[in-house]
Amino acid sequence: MSSKEKEKKNTKKWSSEDVVQAVVIADSFNFCFLPITAEKPRALLPLVNRPLIDYTVEFLAVSGVKEIYVYCCAHVDQLRAHLDKSRWTQKSSSVKLSIITSKDFP
């Protein structure tokens, strides 16, 4: 079997049942924005009066992503409160948004 035939055989087309997922890392793990990020996570810093996480989730939703997982360690309570109030966690939303936290972070 030639390599072209193998490629055709192994190529799988996406069906309407396939779910596109994304993982968003909402922590910076560096100190470039200190002291601003000492009390507020970088994902909630405003850009044109909207938090950065809103732009990220909206871009992913418009691109066809159906499940979004937001990973964060620091300032989890602030990020969770913001996302709980957002339109992306409503029942009528086109995406499923989940927050993943780490208990190992101090």
# chains A, B, ... in the order shown; residues from 1 in each chain; ligands from 1
call {"tool": "residues_around", "arguments": {"residues": "region 72-81 of chain A", "least_positions_apart": "6", "cutoff": "7 Å", "atoms": "only C-alpha atoms", "output": "ChimeraX atom specification"}}
result
/A:25-27,40-41,100-102,105
call {"tool": "select_by_dssp", "arguments": {"residues": "chain A", "states": "helix (DSSP H, G or I)", "output": "number ranges by chain"}}
result
A: 3-10, 36-38, 42-44, 52-62, 76-85, 87-89
call {"tool": "select_by_dssp", "arguments": {"residues": "region 40-99 of chain A", "states": "strand (DSSP E or B)", "output": "ChimeraX atom specification"}}
result
/A:46-47,50-51,67-72,96-99
call {"tool": "write_last_selection", "arguments": {"atoms": "N, CA, C and O atoms", "output": "mmCIF file, in the first residue's frame"}}
result
data_model
loop_
_atom_site.group_PDB
_atom_site.id
_atom_site.type_symbol
_atom_site.label_atom_id
_atom_site.label_comp_id
_atom_site.auth_asym_id
_atom_site.auth_seq_id
_atom_site.Cartn_x
_atom_site.Cartn_y
_atom_site.Cartn_z
ATOM 1 N N PRO A 46 -8.747 44.212 32.754
ATOM 2 C CA PRO A 46 -9.597 44.734 31.671
ATOM 3 C C PRO A 46 -8.812 45.133 30.423
ATOM 4 O O PRO A 46 -7.699 45.626 30.505
ATOM 5 N N LEU A 47 -9.425 44.889 29.304
ATOM 6 C CA LEU A 47 -8.961 45.378 28.010
ATOM 7 C C LEU A 47 -10.195 45.995 27.358
ATOM 8 O O LEU A 47 -11.163 45.276 27.076
ATOM 9 N N ARG A 50 -13.400 45.292 29.390
ATOM 10 C CA ARG A 50 -13.876 43.906 29.485
ATOM 11 C C ARG A 50 -12.721 43.021 29.927
ATOM 12 O O ARG A 50 -11.608 43.171 29.431
ATOM 13 N N PRO A 51 -12.955 42.090 30.835
ATOM 14 C CA PRO A 51 -11.876 41.193 31.257
ATOM 15 C C PRO A 51 -11.362 40.339 30.094
ATOM 16 O O PRO A 51 -12.122 39.954 29.200
ATOM 17 N N GLU A 67 -16.958 22.779 24.428
ATOM 18 C CA GLU A 67 -16.633 22.591 25.836
ATOM 19 C C GLU A 67 -15.347 23.349 26.144
ATOM 20 O O GLU A 67 -14.333 23.149 25.485
ATOM 21 N N ILE A 68 -15.407 24.222 27.151
ATOM 22 C CA ILE A 68 -14.251 25.023 27.537
ATOM 23 C C ILE A 68 -13.941 24.739 28.996
ATOM 24 O O ILE A 68 -14.827 24.831 29.859
ATOM 25 N N TYR A 69 -12.698 24.397 29.271
ATOM 26 C CA TYR A 69 -12.226 24.153 30.623
ATOM 27 C C TYR A 69 -11.243 25.255 30.980
ATOM 28 O O TYR A 69 -10.255 25.459 30.282
ATOM 29 N N VAL A 70 -11.525 25.969 32.070
ATOM 30 C CA VAL A 70 -10.668 27.062 32.531
ATOM 31 C C VAL A 70 -9.913 26.560 33.747
ATOM 32 O O VAL A 70 -10.511 26.211 34.765
ATOM 33 N N TYR A 71 -8.576 26.503 33.641
ATOM 34 C CA TYR A 71 -7.736 26.044 34.739
ATOM 35 C C TYR A 71 -7.166 27.246 35.471
ATOM 36 O O TYR A 71 -6.614 28.154 34.850
ATOM 37 N N CYS A 72 -7.309 27.253 36.797
ATOM 38 C CA CYS A 72 -6.724 28.333 37.589
ATOM 39 C C CYS A 72 -6.364 27.826 38.980
ATOM 40 O O CYS A 72 -6.965 26.874 39.481
ATOM 41 N N LYS A 96 -20.302 24.677 26.986
ATOM 42 C CA LYS A 96 -20.279 24.189 28.369
ATOM 43 C C LYS A 96 -18.969 24.683 28.969
ATOM 44 O O LYS A 96 -17.888 24.321 28.493
ATOM 45 N N LEU A 97 -19.034 25.500 30.002
ATOM 46 C CA LEU A 97 -17.864 26.093 30.623
ATOM 47 C C LEU A 97 -17.650 25.465 31.995
ATOM 48 O O LEU A 97 -18.566 25.451 32.816
ATOM 49 N N SER A 98 -16.449 24.937 32.230
ATOM 50 C CA SER A 98 -16.119 24.317 33.506
ATOM 51 C C SER A 98 -14.838 24.936 34.041
ATOM 52 O O SER A 98 -13.919 25.234 33.274
ATOM 53 N N ILE A 99 -14.775 25.088 35.359
ATOM 54 C CA ILE A 99 -13.581 25.625 35.998
ATOM 55 C C ILE A 99 -12.863 24.488 36.711
ATOM 56 O O ILE A 99 -13.471 23.750 37.486
#
call {"tool": "residues_around", "arguments": {"residues": "Leu52 (chain A)", "least_positions_apart": "3", "cutoff": "6 Å", "atoms": "only C-alpha atoms", "output": "list of chain:residue names"}}
result
A:Ala43, A:Leu44, A:Tyr55
